[in-house]
file input-v6.txt (compact mmCIF, N, CA and C atoms and all ligand atoms)
# COMPACT_ATOMS: atom_id res chain seq x y z
N MET A 247 5.84 19.63 6.82
CA MET A 247 5.14 18.34 6.88
C MET A 247 4.16 18.32 8.04
N ALA A 248 2.97 17.89 7.77
CA ALA A 248 1.97 17.77 8.84
C ALA A 248 2.31 16.56 9.71
N SER A 249 2.37 16.79 11.00
CA SER A 249 2.78 15.70 11.88
C SER A 249 1.67 14.68 12.08
N ASP A 250 0.44 15.05 11.74
CA ASP A 250 -0.66 14.12 11.98
C ASP A 250 -0.89 13.18 10.80
N SER A 251 -0.09 13.29 9.76
CA SER A 251 -0.22 12.33 8.67
C SER A 251 1.12 11.66 8.42
N PRO A 252 1.24 10.42 8.82
CA PRO A 252 2.52 9.69 8.69
C PRO A 252 2.92 9.53 7.23
N SER A 253 4.21 9.52 6.99
CA SER A 253 4.70 9.28 5.63
C SER A 253 4.38 7.85 5.22
N PRO A 254 3.93 7.68 3.98
CA PRO A 254 3.61 6.33 3.49
C PRO A 254 4.81 5.40 3.60
N PHE A 255 4.56 4.23 4.17
CA PHE A 255 5.61 3.24 4.37
C PHE A 255 5.06 1.86 4.07
N ASP A 256 5.84 1.06 3.35
CA ASP A 256 5.42 -0.29 3.03
C ASP A 256 6.03 -1.25 4.04
N PRO A 257 5.23 -1.79 4.95
CA PRO A 257 5.76 -2.66 6.00
C PRO A 257 6.14 -4.04 5.48
N TYR A 258 5.73 -4.37 4.28
CA TYR A 258 5.98 -5.71 3.75
C TYR A 258 7.39 -5.83 3.17
N CYS A 259 7.82 -4.79 2.47
CA CYS A 259 9.19 -4.81 1.96
C CYS A 259 10.05 -3.78 2.69
N GLN A 260 9.48 -3.16 3.73
CA GLN A 260 10.23 -2.24 4.58
C GLN A 260 10.81 -1.07 3.80
N ARG A 261 10.01 -0.52 2.91
CA ARG A 261 10.51 0.61 2.14
C ARG A 261 9.56 1.80 2.25
N PRO A 262 10.11 3.01 2.40
CA PRO A 262 9.27 4.20 2.30
C PRO A 262 8.89 4.43 0.84
N ALA A 263 7.83 5.19 0.61
CA ALA A 263 7.34 5.42 -0.75
C ALA A 263 8.45 5.89 -1.69
N ALA A 264 9.31 6.76 -1.20
CA ALA A 264 10.34 7.35 -2.05
C ALA A 264 11.40 6.34 -2.49
N ASP A 265 11.42 5.15 -1.87
CA ASP A 265 12.40 4.12 -2.23
C ASP A 265 11.82 3.06 -3.15
N ILE A 266 10.56 3.22 -3.54
CA ILE A 266 9.92 2.21 -4.38
C ILE A 266 9.82 2.76 -5.81
N PRO A 267 10.58 2.16 -6.73
CA PRO A 267 10.68 2.69 -8.10
C PRO A 267 9.33 2.93 -8.77
N GLU A 268 8.39 1.99 -8.60
CA GLU A 268 7.11 2.16 -9.29
C GLU A 268 6.33 3.37 -8.74
N ILE A 269 6.49 3.63 -7.45
CA ILE A 269 5.83 4.79 -6.84
C ILE A 269 6.48 6.07 -7.33
N VAL A 270 7.81 6.07 -7.36
CA VAL A 270 8.54 7.24 -7.81
C VAL A 270 8.19 7.55 -9.27
N ALA A 271 8.12 6.49 -10.10
CA ALA A 271 7.80 6.68 -11.51
C ALA A 271 6.38 7.20 -11.69
N GLY A 272 5.45 6.62 -10.94
CA GLY A 272 4.06 7.07 -11.03
C GLY A 272 3.90 8.50 -10.56
N ALA A 273 4.62 8.84 -9.51
CA ALA A 273 4.56 10.19 -8.97
C ALA A 273 5.07 11.20 -9.99
N LYS A 274 6.13 10.82 -10.68
CA LYS A 274 6.69 11.71 -11.70
C LYS A 274 5.68 11.97 -12.81
N LEU A 275 5.00 10.88 -13.23
CA LEU A 275 4.00 11.02 -14.28
C LEU A 275 2.88 11.94 -13.85
N ASP A 276 2.50 11.85 -12.58
CA ASP A 276 1.41 12.67 -12.06
C ASP A 276 1.87 14.05 -11.62
N GLY A 277 3.19 14.24 -11.57
CA GLY A 277 3.71 15.53 -11.15
C GLY A 277 3.53 15.79 -9.66
N VAL A 278 3.54 14.73 -8.88
CA VAL A 278 3.41 14.89 -7.43
C VAL A 278 4.58 14.19 -6.74
N SER A 279 4.68 14.37 -5.44
CA SER A 279 5.76 13.70 -4.70
C SER A 279 5.39 12.24 -4.46
N PRO A 280 6.40 11.38 -4.25
CA PRO A 280 6.12 9.96 -3.99
C PRO A 280 5.16 9.78 -2.80
N ASP A 281 5.31 10.61 -1.78
CA ASP A 281 4.43 10.49 -0.61
C ASP A 281 2.98 10.75 -1.00
N VAL A 282 2.76 11.81 -1.77
CA VAL A 282 1.40 12.14 -2.20
C VAL A 282 0.84 11.03 -3.08
N TYR A 283 1.67 10.51 -3.95
CA TYR A 283 1.23 9.45 -4.86
C TYR A 283 0.85 8.20 -4.08
N ALA A 284 1.66 7.82 -3.11
CA ALA A 284 1.40 6.61 -2.33
C ALA A 284 0.12 6.76 -1.50
N ARG A 285 -0.14 7.99 -1.06
CA ARG A 285 -1.36 8.23 -0.28
C ARG A 285 -2.61 7.97 -1.10
N GLU A 286 -2.48 8.07 -2.42
CA GLU A 286 -3.65 7.85 -3.28
C GLU A 286 -3.84 6.38 -3.60
N ASP A 287 -2.89 5.55 -3.15
CA ASP A 287 -3.00 4.11 -3.42
C ASP A 287 -4.17 3.54 -2.63
N GLY A 288 -4.84 2.58 -3.24
CA GLY A 288 -6.01 1.99 -2.60
C GLY A 288 -5.70 1.25 -1.32
N THR A 289 -4.45 0.85 -1.15
CA THR A 289 -4.08 0.10 0.06
C THR A 289 -3.59 1.01 1.18
N PHE A 290 -3.49 2.31 0.91
CA PHE A 290 -2.95 3.23 1.91
C PHE A 290 -3.92 3.41 3.08
N ASP A 291 -3.39 3.21 4.29
CA ASP A 291 -4.17 3.40 5.50
C ASP A 291 -3.72 4.70 6.16
N GLN A 292 -4.57 5.71 6.15
CA GLN A 292 -4.12 6.99 6.67
C GLN A 292 -3.96 7.00 8.18
N GLN A 293 -4.48 6.01 8.86
CA GLN A 293 -4.27 5.93 10.30
C GLN A 293 -2.83 5.54 10.62
N THR A 294 -2.31 4.60 9.87
CA THR A 294 -0.98 4.06 10.16
C THR A 294 0.09 4.53 9.19
N GLY A 295 -0.32 5.01 8.01
CA GLY A 295 0.64 5.42 7.01
C GLY A 295 1.18 4.26 6.20
N GLN A 296 0.60 3.08 6.42
CA GLN A 296 1.09 1.90 5.71
C GLN A 296 0.36 1.70 4.38
N PHE A 297 1.10 1.18 3.43
CA PHE A 297 0.49 0.80 2.16
C PHE A 297 1.29 -0.37 1.61
N ALA A 298 0.75 -1.01 0.59
CA ALA A 298 1.47 -2.11 -0.03
C ALA A 298 1.81 -1.75 -1.46
N CYS A 299 3.09 -1.88 -1.83
CA CYS A 299 3.48 -1.62 -3.20
C CYS A 299 2.92 -2.75 -4.07
N LEU A 300 2.98 -2.56 -5.36
CA LEU A 300 2.37 -3.54 -6.27
C LEU A 300 2.96 -4.94 -6.07
N ASP A 301 4.28 -4.98 -5.92
CA ASP A 301 4.96 -6.25 -5.72
C ASP A 301 4.42 -6.99 -4.50
N CYS A 302 4.33 -6.28 -3.40
CA CYS A 302 3.86 -6.90 -2.16
C CYS A 302 2.38 -7.24 -2.28
N TYR A 303 1.64 -6.38 -2.92
CA TYR A 303 0.21 -6.62 -3.08
C TYR A 303 -0.03 -7.92 -3.85
N LEU A 304 0.76 -8.12 -4.89
CA LEU A 304 0.64 -9.35 -5.68
C LEU A 304 1.04 -10.56 -4.84
N LYS A 305 2.12 -10.40 -4.05
CA LYS A 305 2.59 -11.51 -3.22
C LYS A 305 1.56 -11.87 -2.15
N LEU A 306 0.81 -10.87 -1.72
CA LEU A 306 -0.22 -11.11 -0.70
C LEU A 306 -1.46 -11.77 -1.30
N GLY A 307 -1.47 -11.88 -2.62
CA GLY A 307 -2.60 -12.51 -3.28
C GLY A 307 -3.68 -11.51 -3.67
N MET A 308 -3.30 -10.26 -3.86
CA MET A 308 -4.23 -9.19 -4.24
C MET A 308 -5.48 -9.18 -3.35
N PRO A 309 -5.29 -9.00 -2.06
CA PRO A 309 -6.44 -9.00 -1.15
C PRO A 309 -7.41 -7.87 -1.45
N SER A 310 -8.68 -8.14 -1.21
CA SER A 310 -9.69 -7.09 -1.37
C SER A 310 -10.87 -7.46 -0.50
N SER A 311 -11.68 -6.49 -0.23
CA SER A 311 -12.90 -6.75 0.53
C SER A 311 -13.93 -5.71 0.13
N ASP A 312 -15.15 -5.90 0.58
CA ASP A 312 -16.21 -4.95 0.24
C ASP A 312 -15.86 -3.54 0.69
N ALA A 313 -15.22 -3.47 1.86
CA ALA A 313 -14.87 -2.16 2.40
C ALA A 313 -13.54 -1.65 1.86
N GLY A 314 -12.85 -2.50 1.07
CA GLY A 314 -11.54 -2.11 0.55
C GLY A 314 -10.47 -2.54 1.52
N TRP A 315 -9.46 -3.20 1.00
CA TRP A 315 -8.38 -3.69 1.86
C TRP A 315 -7.30 -2.64 2.03
N LYS A 316 -6.87 -2.48 3.28
CA LYS A 316 -5.78 -1.55 3.57
C LYS A 316 -4.58 -2.31 4.11
N ALA A 317 -3.39 -1.81 3.82
CA ALA A 317 -2.18 -2.44 4.33
C ALA A 317 -2.23 -2.52 5.85
N GLY A 318 -1.75 -3.61 6.40
CA GLY A 318 -1.75 -3.80 7.84
C GLY A 318 -2.93 -4.61 8.32
N GLN A 319 -3.97 -4.69 7.49
CA GLN A 319 -5.13 -5.49 7.85
C GLN A 319 -4.86 -6.95 7.53
N PRO A 320 -5.55 -7.85 8.22
CA PRO A 320 -5.39 -9.27 7.89
C PRO A 320 -5.78 -9.52 6.44
N VAL A 321 -5.06 -10.41 5.80
CA VAL A 321 -5.36 -10.72 4.40
C VAL A 321 -6.49 -11.74 4.35
N PRO A 322 -7.62 -11.36 3.74
CA PRO A 322 -8.74 -12.32 3.63
C PRO A 322 -8.32 -13.53 2.81
N GLN A 323 -8.68 -14.69 3.30
CA GLN A 323 -8.32 -15.90 2.57
C GLN A 323 -9.36 -16.16 1.48
N PRO A 324 -8.90 -16.62 0.33
CA PRO A 324 -9.84 -16.93 -0.75
C PRO A 324 -10.86 -17.96 -0.31
N VAL A 325 -12.11 -17.74 -0.71
CA VAL A 325 -13.18 -18.66 -0.30
C VAL A 325 -12.95 -20.06 -0.89
N SER A 326 -12.28 -20.08 -2.04
CA SER A 326 -12.11 -21.35 -2.74
C SER A 326 -10.96 -22.18 -2.19
N SER A 327 -10.20 -21.62 -1.21
CA SER A 327 -9.05 -22.37 -0.72
C SER A 327 -9.47 -23.64 0.01
N VAL A 328 -8.65 -24.65 -0.12
CA VAL A 328 -8.95 -25.92 0.52
C VAL A 328 -8.66 -25.81 2.02
N GLY A 329 -9.53 -26.34 2.82
CA GLY A 329 -9.42 -26.23 4.28
C GLY A 329 -8.18 -26.94 4.82
N PRO A 330 -7.89 -26.75 6.09
CA PRO A 330 -6.71 -27.31 6.74
C PRO A 330 -6.69 -28.83 6.78
ZN ZN A 401 6.39 -3.57 -0.93

call {"tool": "encode", "arguments": {"input": "input-v6.txt", "output": "C-alpha cells"}}
result
Amino acid sequence: MASDSPSPFDPYCQRPAADIPEIVAGAKLDGVSPDVYAREDGTFDQQTGQFACLDCYLKLGMPSSDAGWKAGQPVPQPVSSVGP
C-alpha cells in the first residue's frame, strides 16, 4: 500500500470503503478492490481520502459545484432556499 494515498473513508457514516455494501458491490462488478472503486467516486478527495457514499450524498442534498464537490468540503446551500 502506498503510504501517500489514504484509504477511502466516509466521514459521514464513519465507514471505510470496504464496509459500504454499495461500494463493495460496485467494485465486484468492475473487478477492482473497494478502495480502488471508491477512489473513482466523484466525491473522493485524494488529499484527505474522504468520500461520501450514495446514502450520505443524498442526505447531504446531492451537493455539487462547478469545480465538483468533494467530501469534507462545505455543502453549498441551494440558491432557492429561503433565507434565515
Ligand atoms: Zn456514508

call {"tool": "select_by_dssp", "arguments": {"input": "input-v6.txt", "residues": "region 247-321 of chain A", "states": "strand (DSSP E or B)", "output": "ChimeraX atom specification"}}
result
/A:255-256,261-262,291,296

call {"tool": "atom_distance", "arguments": {"input": "input-v6.txt", "atom1": "CA of Trp315 (chain A)", "atom2": "atom N of Thr289 (chain A)"}}
result
6.7 Å

call {"tool": "closest_atom_pairs", "arguments": {"input": "input-v6.txt", "of": "chain A", "to": "ligand ZN 401 (chain A)", "cutoff": "8 Å", "atoms": "all atoms listed in the file", "output": "CSV"}}
result
residue,atom,partner,partner_atom,distance
A:Phe255,C,A:ZN401,ZN,7.5
A:Asp256,CA,A:ZN401,ZN,5.2
A:Pro257,N,A:ZN401,ZN,6.3
A:Tyr258,C,A:ZN401,ZN,4.8
A:Cys259,N,A:ZN401,ZN,3.9
A:Gln260,N,A:ZN401,ZN,5.6
A:Arg261,N,A:ZN401,ZN,6.1
A:Ile266,CA,A:ZN401,ZN,7.6
A:Phe297,C,A:ZN401,ZN,6.5
A:Ala298,C,A:ZN401,ZN,5.0
A:Cys299,N,A:ZN401,ZN,3.8
A:Leu300,N,A:ZN401,ZN,5.7
A:Asp301,C,A:ZN401,ZN,5.3
A:Cys302,N,A:ZN401,ZN,4.2
A:Tyr303,N,A:ZN401,ZN,5.9

call {"tool": "axis_aligned_box", "arguments": {"input": "input-v6.txt", "around": "region 248-264 of chain A", "padding_each_side": "6 Å", "output": "JSON"}}
result
{"center_x": 5.3, "center_y": 6.0, "center_z": 4.8, "size_x": 24.3, "size_y": 35.7, "size_z": 26.6}

call {"tool": "residues_around", "arguments": {"input": "input-v6.txt", "residues": "Pro309 (chain A)", "least_positions_apart": "5", "cutoff": "9 Å", "atoms": "only C-alpha atoms", "output": "PyMOL selection string"}}
result
chain A and resi 303-304+314-316+321-324

call {"tool": "residues_around", "arguments": {"input": "input-v6.txt", "residues": "Gln292 (chain A)", "least_positions_apart": "6", "cutoff": "8 Å", "atoms": "only C-alpha atoms", "output": "ChimeraX atom specification"}}
result
/A:251-252,285

call {"tool": "closest_residue", "arguments": {"input": "input-v6.txt", "among": "A:Ala263, A:Gly295, A:Glu268, A:Asp312", "to": "Asp281 (chain A)", "atoms": "only N, CA and C atoms"}}
result
A:Ala263

call {"tool": "atom_distance", "arguments": {"input": "input-v6.txt", "atom1": "CA of Val278 (chain A)", "atom2": "CA of Gln296 (chain A)"}}
result
18.6 Å

call {"tool": "closest_residue", "arguments": {"input": "input-v6.txt", "among": "A:Pro267, A:Leu306, A:Gln319, A:Pro254", "to": "Ala284 (chain A)", "atoms": "all atoms listed in the file"}}
result
A:Pro254

call {"tool": "atom_distance", "arguments": {"input": "input-v6.txt", "atom1": "atom C of Pro320 (chain A)", "atom2": "CA of Gly288 (chain A)"}}
result
14.6 Å

call {"tool": "closest_residue", "arguments": {"input": "input-v6.txt", "among": "A:Gly318, A:Pro262, A:Ile269, A:Ser253", "to": "Tyr283 (chain A)", "atoms": "all atoms listed in the file"}}
result
A:Ile269

call {"tool": "select_by_dssp", "arguments": {"input": "input-v6.txt", "residues": "chain A", "states": "alpha helix (DSSP H)", "output": "JSON, numbers by chain"}}
result
{"A": [267, 268, 269, 270, 271, 272, 273, 274, 275, 276, 280, 281, 282, 283, 284, 285, 300, 301, 302, 303, 304, 305]}

call {"tool": "write_last_selection", "arguments": {"input": "input-v6.txt", "atoms": "N, CA and C atoms", "output": "short mmCIF file (atom, residue, chain, number, x, y, z; two decimals), keeping the file's coordinate frame"}}
result
data_model
loop_
_atom_site.label_atom_id
_atom_site.label_comp_id
_atom_site.auth_asym_id
_atom_site.auth_seq_id
_atom_site.Cartn_x
_atom_site.Cartn_y
_atom_site.Cartn_z
N PRO A 267 10.58 2.16 -6.73
CA PRO A 267 10.68 2.69 -8.10
C PRO A 267 9.33 2.93 -8.77
N GLU A 268 8.39 1.99 -8.60
CA GLU A 268 7.11 2.16 -9.29
C GLU A 268 6.33 3.37 -8.74
N ILE A 269 6.49 3.63 -7.45
CA ILE A 269 5.83 4.79 -6.84
C ILE A 269 6.48 6.07 -7.33
N VAL A 270 7.81 6.07 -7.36
CA VAL A 270 8.54 7.24 -7.81
C VAL A 270 8.19 7.55 -9.27
N ALA A 271 8.12 6.49 -10.10
CA ALA A 271 7.80 6.68 -11.51
C ALA A 271 6.38 7.20 -11.69
N GLY A 272 5.45 6.62 -10.94
CA GLY A 272 4.06 7.07 -11.03
C GLY A 272 3.90 8.50 -10.56
N ALA A 273 4.62 8.84 -9.51
CA ALA A 273 4.56 10.19 -8.97
C ALA A 273 5.07 11.20 -9.99
N LYS A 274 6.13 10.82 -10.68
CA LYS A 274 6.69 11.71 -11.70
C LYS A 274 5.68 11.97 -12.81
N LEU A 275 5.00 10.88 -13.23
CA LEU A 275 4.00 11.02 -14.28
C LEU A 275 2.88 11.94 -13.85
N ASP A 276 2.50 11.85 -12.58
CA ASP A 276 1.41 12.67 -12.06
C ASP A 276 1.87 14.05 -11.62
N PRO A 280 6.40 11.38 -4.25
CA PRO A 280 6.12 9.96 -3.99
C PRO A 280 5.16 9.78 -2.80
N ASP A 281 5.31 10.61 -1.78
CA ASP A 281 4.43 10.49 -0.61
C ASP A 281 2.98 10.75 -1.00
N VAL A 282 2.76 11.81 -1.77
CA VAL A 282 1.40 12.14 -2.20
C VAL A 282 0.84 11.03 -3.08
N TYR A 283 1.67 10.51 -3.95
CA TYR A 283 1.23 9.45 -4.86
C TYR A 283 0.85 8.20 -4.08
N ALA A 284 1.66 7.82 -3.11
CA ALA A 284 1.40 6.61 -2.33
C ALA A 284 0.12 6.76 -1.50
N ARG A 285 -0.14 7.99 -1.06
CA ARG A 285 -1.36 8.23 -0.28
C ARG A 285 -2.61 7.97 -1.10
N LEU A 300 2.98 -2.56 -5.36
CA LEU A 300 2.37 -3.54 -6.27
C LEU A 300 2.96 -4.94 -6.07
N ASP A 301 4.28 -4.98 -5.92
CA ASP A 301 4.96 -6.25 -5.72
C ASP A 301 4.42 -6.99 -4.50
N CYS A 302 4.33 -6.28 -3.40
CA CYS A 302 3.86 -6.90 -2.16
C CYS A 302 2.38 -7.24 -2.28
N TYR A 303 1.64 -6.38 -2.92
CA TYR A 303 0.21 -6.62 -3.08
C TYR A 303 -0.03 -7.92 -3.85
N LEU A 304 0.76 -8.12 -4.89
CA LEU A 304 0.64 -9.35 -5.68
C LEU A 304 1.04 -10.56 -4.84
N LYS A 305 2.12 -10.40 -4.05
CA LYS A 305 2.59 -11.51 -3.22
C LYS A 305 1.56 -11.87 -2.15
#
